[in-house]
$ cat coords_23.cif   # mmCIF, C-alpha atoms
data_upload
#
loop_
_atom_site.label_atom_id
_atom_site.label_comp_id
_atom_site.auth_asym_id
_atom_site.auth_seq_id
_atom_site.Cartn_x
_atom_site.Cartn_y
_atom_site.Cartn_z
CA MET A 1 -34.63 47.73 23.07
CA THR A 2 -34.18 48.66 26.74
CA ILE A 3 -37.26 47.94 28.86
CA HIS A 4 -36.09 49.42 32.17
CA PRO A 5 -35.35 53.09 32.82
CA SER A 6 -32.01 53.93 34.42
CA GLY A 7 -31.12 54.85 37.97
CA PRO A 8 -33.65 55.14 40.80
CA ASP A 9 -36.56 55.18 38.35
CA ARG A 10 -36.03 51.43 37.90
CA ARG A 11 -37.57 51.02 41.36
CA ARG A 12 -40.48 53.40 40.77
CA GLY A 13 -43.63 53.56 38.68
CA PRO A 14 -45.91 50.80 37.41
CA PHE A 15 -44.68 47.30 36.69
CA ARG A 16 -43.03 46.79 33.30
CA ALA A 17 -42.35 43.73 31.17
CA GLY A 18 -38.79 42.51 31.66
CA GLU A 19 -38.56 43.22 35.39
CA ARG A 20 -39.11 40.98 38.39
CA VAL A 21 -42.10 40.98 40.69
CA GLN A 22 -42.56 39.39 44.09
CA LEU A 23 -46.00 37.86 44.59
CA THR A 24 -47.17 37.04 48.12
CA ASP A 25 -50.19 34.84 48.85
CA VAL A 26 -52.45 34.82 51.93
CA LYS A 27 -50.23 32.20 53.57
CA GLY A 28 -47.23 34.52 53.33
CA ARG A 29 -45.48 32.48 50.65
CA ARG A 30 -43.40 34.63 48.34
CA TYR A 31 -42.72 33.94 44.68
CA THR A 32 -40.29 35.98 42.55
CA THR A 33 -40.81 35.83 38.79
CA MET A 34 -39.81 37.77 35.67
CA LEU A 35 -42.67 39.60 33.97
CA THR A 36 -43.15 38.91 30.25
CA TYR A 37 -45.98 39.67 27.86
CA GLU A 38 -46.62 35.94 27.36
CA GLY A 39 -45.97 34.90 30.97
CA TYR A 40 -48.37 32.99 33.21
CA PHE A 41 -47.95 32.64 36.98
CA GLN A 42 -49.34 29.58 38.73
CA SER A 43 -49.19 28.44 42.36
CA PRO A 44 -51.45 26.52 44.76
CA ARG A 45 -52.68 29.91 46.08
CA GLY A 46 -53.48 31.65 42.82
CA ARG A 47 -52.73 31.96 39.13
CA LEU A 48 -52.86 34.81 36.65
CA ARG A 49 -51.33 36.11 33.44
CA HIS A 50 -48.41 38.51 33.68
CA THR A 51 -50.35 41.04 31.59
CA GLU A 52 -52.69 41.43 34.59
CA ILE A 53 -49.67 42.76 36.57
CA ILE A 54 -47.88 44.80 33.88
CA GLY A 55 -49.02 48.42 34.10
CA ARG A 56 -50.30 48.16 37.69
CA ASP A 57 -48.83 50.16 40.55
CA GLU A 58 -46.49 48.46 42.99
CA GLY A 59 -48.36 47.33 46.10
CA SER A 60 -51.45 46.24 44.16
CA VAL A 61 -53.54 43.36 45.53
CA ILE A 62 -54.85 41.33 42.60
CA ASP A 63 -57.98 39.18 42.73
CA THR A 64 -57.45 36.14 40.51
CA ASP A 65 -60.13 34.34 38.52
CA ASP A 66 -59.84 31.29 40.76
CA GLY A 67 -60.82 33.25 43.88
CA HIS A 68 -57.41 33.93 45.39
CA ARG A 69 -55.63 37.21 46.18
CA LEU A 70 -51.98 38.04 45.48
CA LEU A 71 -49.92 41.04 46.60
CA ALA A 72 -47.51 42.37 43.96
CA LEU A 73 -44.34 44.22 45.03
CA ARG A 74 -40.87 44.71 43.66
CA PRO A 75 -38.45 42.56 45.69
CA LEU A 76 -36.06 44.27 48.09
CA VAL A 77 -32.36 43.55 47.78
CA ALA A 78 -32.64 40.98 50.61
CA ASP A 79 -35.38 39.18 48.68
CA TYR A 80 -33.36 39.34 45.48
CA VAL A 81 -30.23 37.87 47.06
CA LEU A 82 -32.15 34.86 48.33
CA SER A 83 -33.86 34.20 44.97
CA MET A 84 -31.18 35.06 42.41
CA PRO A 85 -29.22 32.34 40.54
CA ARG A 86 -26.07 31.45 42.40
CA GLY A 87 -22.80 29.67 41.81
CA ALA A 88 -21.28 30.00 45.26
CA THR A 89 -23.21 30.23 48.53
CA PRO A 90 -24.11 33.92 48.94
CA ILE A 91 -23.31 36.13 51.90
CA TYR A 92 -26.74 36.44 53.48
CA PRO A 93 -28.41 39.85 53.87
CA LYS A 94 -27.96 39.85 57.66
CA ASP A 95 -24.20 39.45 57.24
CA ALA A 96 -23.94 41.91 54.34
CA ALA A 97 -25.64 44.57 56.47
CA GLN A 98 -23.22 43.94 59.32
CA ILE A 99 -20.22 44.08 56.98
CA ILE A 100 -21.28 47.49 55.65
CA SER A 101 -21.74 48.73 59.22
CA LEU A 102 -18.73 47.11 60.94
CA ALA A 103 -16.33 48.04 58.14
CA ASP A 104 -17.90 51.50 57.85
CA VAL A 105 -18.13 51.33 54.05
CA PHE A 106 -18.90 55.00 53.36
CA PRO A 107 -19.92 56.92 50.20
CA GLY A 108 -16.80 57.40 48.10
CA ALA A 109 -14.89 54.49 49.69
CA ARG A 110 -12.38 52.42 47.75
CA VAL A 111 -13.08 48.73 48.46
CA VAL A 112 -11.42 45.47 47.46
CA GLU A 113 -13.44 42.28 47.90
CA ALA A 114 -12.41 38.68 47.24
CA GLY A 115 -14.04 36.43 46.22
CA LEU A 116 -16.95 37.65 44.26
CA GLY A 117 -19.12 34.52 44.65
CA SER A 118 -22.63 35.20 43.36
CA GLY A 119 -22.41 38.97 43.82
CA ALA A 120 -24.58 39.16 46.96
CA LEU A 121 -22.21 41.32 49.00
CA THR A 122 -21.26 43.35 45.92
CA LEU A 123 -24.83 44.63 45.60
CA SER A 124 -24.62 46.21 49.06
CA LEU A 125 -21.06 47.45 48.61
CA LEU A 126 -21.94 49.30 45.40
CA ALA A 127 -24.93 50.93 47.07
CA ALA A 128 -22.75 51.99 50.01
CA VAL A 129 -19.84 53.49 48.03
CA GLY A 130 -22.15 55.26 45.57
CA PRO A 131 -21.09 56.98 42.34
CA TYR A 132 -17.93 58.53 43.81
CA GLY A 133 -16.42 55.35 45.27
CA HIS A 134 -15.06 52.24 43.65
CA VAL A 135 -15.39 48.49 44.27
CA THR A 136 -12.78 46.07 42.96
CA SER A 137 -13.97 42.46 42.99
CA VAL A 138 -11.62 39.51 42.51
CA GLU A 139 -12.81 36.01 41.61
CA ARG A 140 -10.74 32.96 40.66
CA ARG A 141 -13.49 31.17 38.73
CA GLU A 142 -14.73 32.52 35.43
CA ASP A 143 -18.11 30.76 35.69
CA PHE A 144 -18.79 32.23 39.14
CA ALA A 145 -17.74 35.66 37.90
CA GLU A 146 -20.17 35.45 34.98
CA ILE A 147 -23.04 34.60 37.31
CA ALA A 148 -22.13 37.39 39.74
CA VAL A 149 -21.75 40.02 37.01
CA ALA A 150 -25.13 39.01 35.56
CA ASN A 151 -26.76 39.26 39.00
CA VAL A 152 -25.35 42.74 39.61
CA GLU A 153 -26.26 43.98 36.12
CA SER A 154 -29.77 42.60 36.52
CA TRP A 155 -30.24 44.57 39.75
CA TYR A 156 -28.61 47.86 38.71
CA GLY A 157 -29.22 47.89 34.95
CA ASP A 158 -27.12 50.51 33.16
CA ASP A 159 -26.51 52.59 36.28
CA ILE A 160 -23.94 50.50 38.19
CA PRO A 161 -21.64 52.52 40.49
CA PRO A 162 -17.91 52.32 39.61
CA TRP A 163 -16.97 48.65 39.67
CA THR A 164 -14.18 46.50 38.26
CA VAL A 165 -14.10 42.69 38.16
CA HIS A 166 -10.79 40.82 37.91
CA LEU A 167 -10.38 37.14 37.14
CA GLY A 168 -7.43 35.49 38.84
CA SER A 169 -5.64 35.64 42.17
CA LEU A 170 -6.06 38.40 44.71
CA GLU A 171 -2.31 38.54 45.20
CA ASP A 172 -1.75 39.47 41.55
CA VAL A 173 -4.44 42.16 41.67
CA MET A 174 -3.06 43.72 44.85
CA ASP A 175 0.46 43.76 43.36
CA GLU A 176 -0.82 46.27 40.79
CA MET A 177 -2.28 48.61 43.43
CA PRO A 178 -0.41 51.56 44.97
CA ASP A 179 0.51 51.52 48.65
CA GLY A 180 -2.20 52.86 50.95
CA SER A 181 -4.72 53.29 48.14
CA VAL A 182 -7.63 51.29 49.62
CA ASP A 183 -10.03 51.99 52.49
CA HIS A 184 -11.36 48.45 52.96
CA VAL A 185 -10.19 44.92 52.16
CA LEU A 186 -12.95 42.31 52.53
CA LEU A 187 -11.97 38.66 52.28
CA ASP A 188 -14.59 35.97 51.69
CA MET A 189 -12.30 33.07 50.92
CA LEU A 190 -11.08 29.75 52.24
CA ALA A 191 -7.67 30.94 53.52
CA PRO A 192 -7.80 34.72 54.00
CA TRP A 193 -4.54 34.71 56.02
CA GLU A 194 -2.62 33.96 52.80
CA ASN A 195 -3.26 37.53 51.56
CA LEU A 196 -2.29 39.51 54.64
CA ASP A 197 0.94 40.88 53.14
CA GLY A 198 -0.86 42.45 50.20
CA ALA A 199 -3.69 43.75 52.38
CA MET A 200 -1.20 45.40 54.75
CA ARG A 201 0.46 47.20 51.85
CA ILE A 202 -2.60 48.54 50.01
CA LEU A 203 -4.65 49.53 53.07
CA ARG A 204 -4.33 53.14 54.19
CA PRO A 205 -3.63 53.85 57.87
CA GLY A 206 -6.93 53.33 59.67
CA GLY A 207 -8.30 51.21 56.84
CA VAL A 208 -10.41 48.18 57.71
CA LEU A 209 -9.53 44.52 57.12
CA LEU A 210 -12.50 42.16 57.37
CA ALA A 211 -12.68 38.41 56.81
CA TYR A 212 -15.84 36.31 56.48
CA VAL A 213 -15.14 32.71 57.52
CA ALA A 214 -17.38 29.74 58.25
CA THR A 215 -15.53 27.67 60.87
CA THR A 216 -13.91 28.28 64.24
CA THR A 217 -10.62 26.87 62.93
CA GLN A 218 -10.52 29.50 60.19
CA LEU A 219 -11.55 32.14 62.71
CA SER A 220 -8.76 31.24 65.14
CA ARG A 221 -6.06 30.96 62.51
CA PHE A 222 -6.92 34.26 60.84
CA ALA A 223 -6.92 36.09 64.17
CA GLU A 224 -3.53 34.67 65.16
CA GLU A 225 -1.98 35.42 61.77
CA VAL A 226 -3.21 39.02 61.94
CA ARG A 227 -1.66 39.42 65.40
CA ARG A 228 1.68 38.10 64.15
CA THR A 229 1.94 40.92 61.60
CA PHE A 230 2.09 43.59 64.35
CA THR A 231 0.48 45.88 61.76
CA PHE A 232 -3.17 45.87 62.83
CA THR A 233 -5.24 46.70 65.87
CA GLU A 234 -6.52 43.86 68.03
CA VAL A 235 -8.94 41.69 66.06
CA GLU A 236 -12.64 41.58 66.89
CA ALA A 237 -14.96 38.73 65.95
CA SER A 238 -18.73 38.33 65.89
CA GLU A 239 -21.57 36.42 64.32
CA THR A 240 -25.06 37.68 63.51
CA VAL A 241 -28.17 35.77 64.54
CA VAL A 242 -31.61 36.91 63.37
CA ARG A 243 -34.73 35.74 65.21
CA THR A 244 -38.13 36.76 63.88
CA TRP A 245 -41.24 37.01 66.07
CA HIS A 246 -44.82 35.83 65.76
CA LEU A 247 -47.26 38.73 66.22
CA GLU A 248 -50.99 38.11 66.58
CA GLY A 249 -52.91 40.08 69.17
CA LEU A 250 -51.55 39.13 72.57
CA SER A 251 -49.83 36.06 71.13
CA VAL A 252 -46.35 37.54 70.90
CA ARG A 253 -43.50 35.02 70.93
CA PRO A 254 -40.34 34.09 69.01
CA ASP A 255 -40.89 32.12 65.83
CA HIS A 256 -40.03 28.44 66.02
CA ARG A 257 -37.48 28.80 63.21
CA MET A 258 -34.62 31.26 62.94
CA VAL A 259 -31.60 32.12 60.78
CA ALA A 260 -28.71 31.24 63.07
CA HIS A 261 -25.02 30.76 62.23
CA THR A 262 -23.91 31.47 58.69
CA GLY A 263 -20.40 32.83 59.22
CA PHE A 264 -18.01 34.77 61.45
CA LEU A 265 -16.96 38.36 60.81
CA VAL A 266 -13.40 39.19 61.87
CA THR A 267 -12.21 42.81 61.72
CA ALA A 268 -9.02 44.76 62.41
CA ARG A 269 -7.72 48.20 61.41
CA ARG A 270 -4.43 49.13 59.79
CA LEU A 271 -1.94 50.91 62.05
CA ALA A 272 0.15 53.86 60.93
CA PRO A 273 3.68 53.04 59.70
CA MET A 274 6.24 52.59 62.49
CA SER A 275 3.47 52.15 65.08
CA GLU A 276 3.15 49.04 67.22
CA PRO A 277 -0.15 47.55 68.37
CA LEU A 278 -1.37 48.00 71.91
CA LEU A 279 -0.98 44.65 73.61
CA GLU A 280 -3.40 43.91 76.41
CA LYS A 281 -1.70 42.73 79.57
CA ARG A 282 -3.78 39.68 80.28
CA ARG A 283 -3.18 36.11 81.17
CA PRO A 284 -4.26 33.75 78.36
CA ALA A 285 -6.70 31.00 79.21
CA LYS A 286 -5.23 27.63 80.09
CA LEU A 287 -4.63 25.49 76.99
CA ALA A 288 -5.41 28.46 74.71
CA TYR A 289 -2.09 27.85 72.98
CA SER A 290 -0.34 24.57 72.38
CA ASP A 291 3.02 23.55 70.97
CA THR A 292 1.25 22.66 67.73
CA MET A 293 -1.85 24.60 66.69
CA PRO A 294 -4.49 22.57 64.80
CA TRP A 295 -3.64 24.14 61.43
CA GLU A 296 0.01 23.19 61.92
CA ASP A 297 -0.81 19.48 62.39
CA ASP A 298 -0.03 17.75 59.09
CA THR A 299 -2.02 14.65 60.12
CA LEU A 300 -5.32 16.55 60.01
CA ALA A 301 -7.27 16.93 56.80
CA PRO A 302 -6.88 20.40 55.26
CA ILE A 303 -9.85 22.74 54.96
CA SER A 304 -11.48 22.29 51.57
CA GLU A 305 -14.28 24.10 49.82
CA HIS A 306 -17.41 22.37 48.57
CA ASP A 307 -17.71 22.48 44.81
CA MET A 308 -21.06 22.52 43.01
CA SER A 309 -21.81 19.95 40.33
CA ALA A 310 -21.10 20.76 36.70
CA LYS A 311 -24.75 20.03 35.83
CA ARG A 312 -26.08 22.53 38.36
CA LEU A 313 -23.54 25.14 37.26
CA ARG A 314 -24.62 24.79 33.61
CA ARG A 315 -28.23 25.27 34.69
CA VAL A 316 -27.42 28.43 36.64
CA LEU A 317 -25.46 29.90 33.73
CA ARG A 318 -28.35 29.13 31.39
CA ASP A 319 -30.79 30.83 33.76
CA VAL A 320 -28.81 34.07 34.08
CA ARG A 321 -28.33 34.31 30.31
CA GLN A 322 -32.04 33.76 29.66
CA ARG A 323 -32.93 36.32 32.33
CA SER A 324 -30.78 38.92 30.59
CA ARG A 325 -32.62 38.29 27.31
CA VAL A 326 -36.00 38.63 29.03
CA GLU A 327 -35.00 41.91 30.70
CA GLN A 328 -33.91 43.42 27.40
CA SER A 329 -36.97 42.35 25.40
CA GLY A 330 -39.81 41.85 27.88
CA SER A 331 -40.56 38.57 26.10
CA ALA A 332 -39.84 34.98 27.08
CA HIS A 333 -39.49 33.97 23.42
CA VAL A 334 -36.10 35.40 22.51
CA SER A 335 -33.38 33.62 20.56
CA PRO A 336 -30.09 33.18 22.46
CA SER A 337 -28.25 34.56 19.42
CA SER A 338 -30.02 37.91 19.80
CA SER A 339 -28.15 38.90 22.98
CA THR A 340 -24.54 39.29 23.88
CA GLY A 341 -22.75 37.74 26.83
CA THR A 342 -20.94 39.49 29.67
CA SER A 343 -17.25 39.07 30.34
CA ALA A 344 -15.28 39.72 33.50
CA ASP A 345 -11.95 41.52 34.00
CA THR A 346 -13.59 44.68 32.66
CA PRO A 347 -15.23 47.69 34.34
CA GLY A 348 -18.78 46.85 35.45
CA ALA A 349 -21.48 49.33 34.35
CA GLY A 350 -29.46 37.93 39.25
CA ASP A 351 -36.63 32.65 40.20
CA GLN A 352 -38.48 31.67 42.79
CA SER A 353 -37.94 32.10 46.50
#
$ encode --input "coords_23.cif" --output "structure tokens"
Amino acid sequence: MTIHPSGPDRRRGPFRAGERVQLTDVKGRRYTTMLTYEGYFQSPRGRLRHTEIIGRDEGSVIDTDDGHRLLALRPLVADYVLSMPRGATPIYPKDAAQIISLADVFPGARVVEAGLGSGALTLSLLAAVGPYGHVTSVERREDFAEIAVANVESWYGDDIPPWTVHLGSLEDVMDEMPDGSVDHVLLDMLAPWENLDGAMRILRPGGVLLAYVATTTQLSRFAEEVRRTFTFTEVEASETVVRTWHLEGLSVRPDHRMVAHTGFLVTARRLAPMSEPLLEKRRPAKLAYSDTMPWEDDTLAPISEHDMSAKRLRRVLRDVRQRSRVEQSGSAHVSPSSSTGTSADTPGAGDQS
């Protein structure tokens, strides 16, 4: 039995069993939980049964029996990304928004992204390309792909825009793509410069290449490797810093905490065949280049990615599978054998924060 309606109606109407709700207390703490007929929510600032939420309109303020008040809303995609189960560290909402804007991911666009991670960026890409575009996601790890597919299916239900997930290497996937068939190539990986040849071939003239990297060493190496291809415009790099503000009467000031560096965005655009890039006539800074660049020094430790523990990964996989069962039934008491799993490498149709 399907609990949720399809399409935009999933985000409208009263709360239903099997969907998530975000509860906010008077201190501003937010809690995201799945609604079930048997469920019971409890926090230091209020407790209530899920049946007191099911059937109410979104935006309801609920008075609990213990004298507290809770605001019930459906979480926005930014809330969902920060609360959904994850295998890899997600691309944060502030960066996902910038990627959509900087890369100009338009309705109907054909996009290749690698890697898939937990599906955070994919949620925004699918919304941007809409029903007439297509997103191809590539992920090396099957366990990460399962988590990401489950997160995307949980958000979109049965109405996912055109989407294909491939397990394996990006190079192999790009080899199967026609020349100039893609509008955007987005690389969220440890060594994005290793896939420049394939990206050059599948990107159309004017198409956008974007890499999301965490360190200045990766940033510098990717920029230099792009320049050496003589196939792209001059690279541009940026990072996004979000600072919230405290607002209370005339007490208006920046908050003491902020979301600062998460990653660098590096972009360039594909030139037309037989065209050469415009080279700025400028004098490089002293010591900008050396006989041996840091990534060419064999004595330095190579860049390596942090791997999550097997125990934590098993817990995340268990959580996404149980969430799928709850969404389909509206009940927390469902046998694992009553639902089917999701596999990658097929066309595609994520608590507490």
$ closest_residue --input "coords_23.cif" --among "A:Leu170, A:Ala96, A:Ser124, A:Arg318" --to "Glu239 of chain A" --atoms "all atoms listed in the file"
A:Ala96
$ closest_residue --input "coords_23.cif" --among "A:Pro8, A:Gly55, A:Gly46, A:Pro131" --to "Leu71 of chain A" --atoms "all atoms listed in the file"
A:Gly46
$ residues_around --input "coords_23.cif" --residues "Asp143 of chain A" --least-positions-apart "2" --cutoff "12 Å" --atoms "all atoms listed in the file" --output "list in words"
Arg86, Gly87, Ala88, Leu116, Gly117, Ser118, Glu139, Arg140, Arg141, Ala145, Glu146, Ile147, Ala148, Val149, Ala150, Leu167, Met308, Ala310, Arg312, Leu313, Arg314, Arg315, Val316, Leu317, Arg318, Val320, Thr342, Ser343 and Ala344 of chain A
$ closest_residue --input "coords_23.cif" --among "A:Leu48, A:Ile100, A:Leu219, A:Leu250" --to "His184 of chain A" --atoms "only C-alpha atoms"
A:Ile100
$ closest_residue --input "coords_23.cif" --among "A:Pro161, A:Asp183, A:Gly198, A:Pro273" --to "Gly7 of chain A" --atoms "only C-alpha atoms"
A:Pro161
$ residues_around --input "coords_23.cif" --residues "Phe264 of chain A" --least-positions-apart "5" --cutoff "8 Å" --atoms "all atoms listed in the file" --output "NGL selection string"
:A and (211-215 or 219 or 237-240)
$ resolve_selection --input "coords_23.cif" --expression "the PyMOL selection byres ((chain A and resi 233) around 6)" --output "count of residues only"
5
$ residues_around --input "coords_23.cif" --residues "Arg16 of chain A" --least-positions-apart "4" --cutoff "10 Å" --atoms "all atoms listed in the file" --output "MDAnalysis selection string"
chainID A and resid 3:5 10 20:21 34:37 50:51 53:57 327 330
$ atom_distance --input "coords_23.cif" --atom1 "atom CA of Val242 of chain A" --atom2 "atom CA of Ala78 of chain A"
13.4 Å
$ closest_residue --input "coords_23.cif" --among "A:Gln22, A:Thr244, A:Gln42, A:Ser329" --to "Glu58 of chain A" --atoms "all atoms listed in the file"
A:Gln22
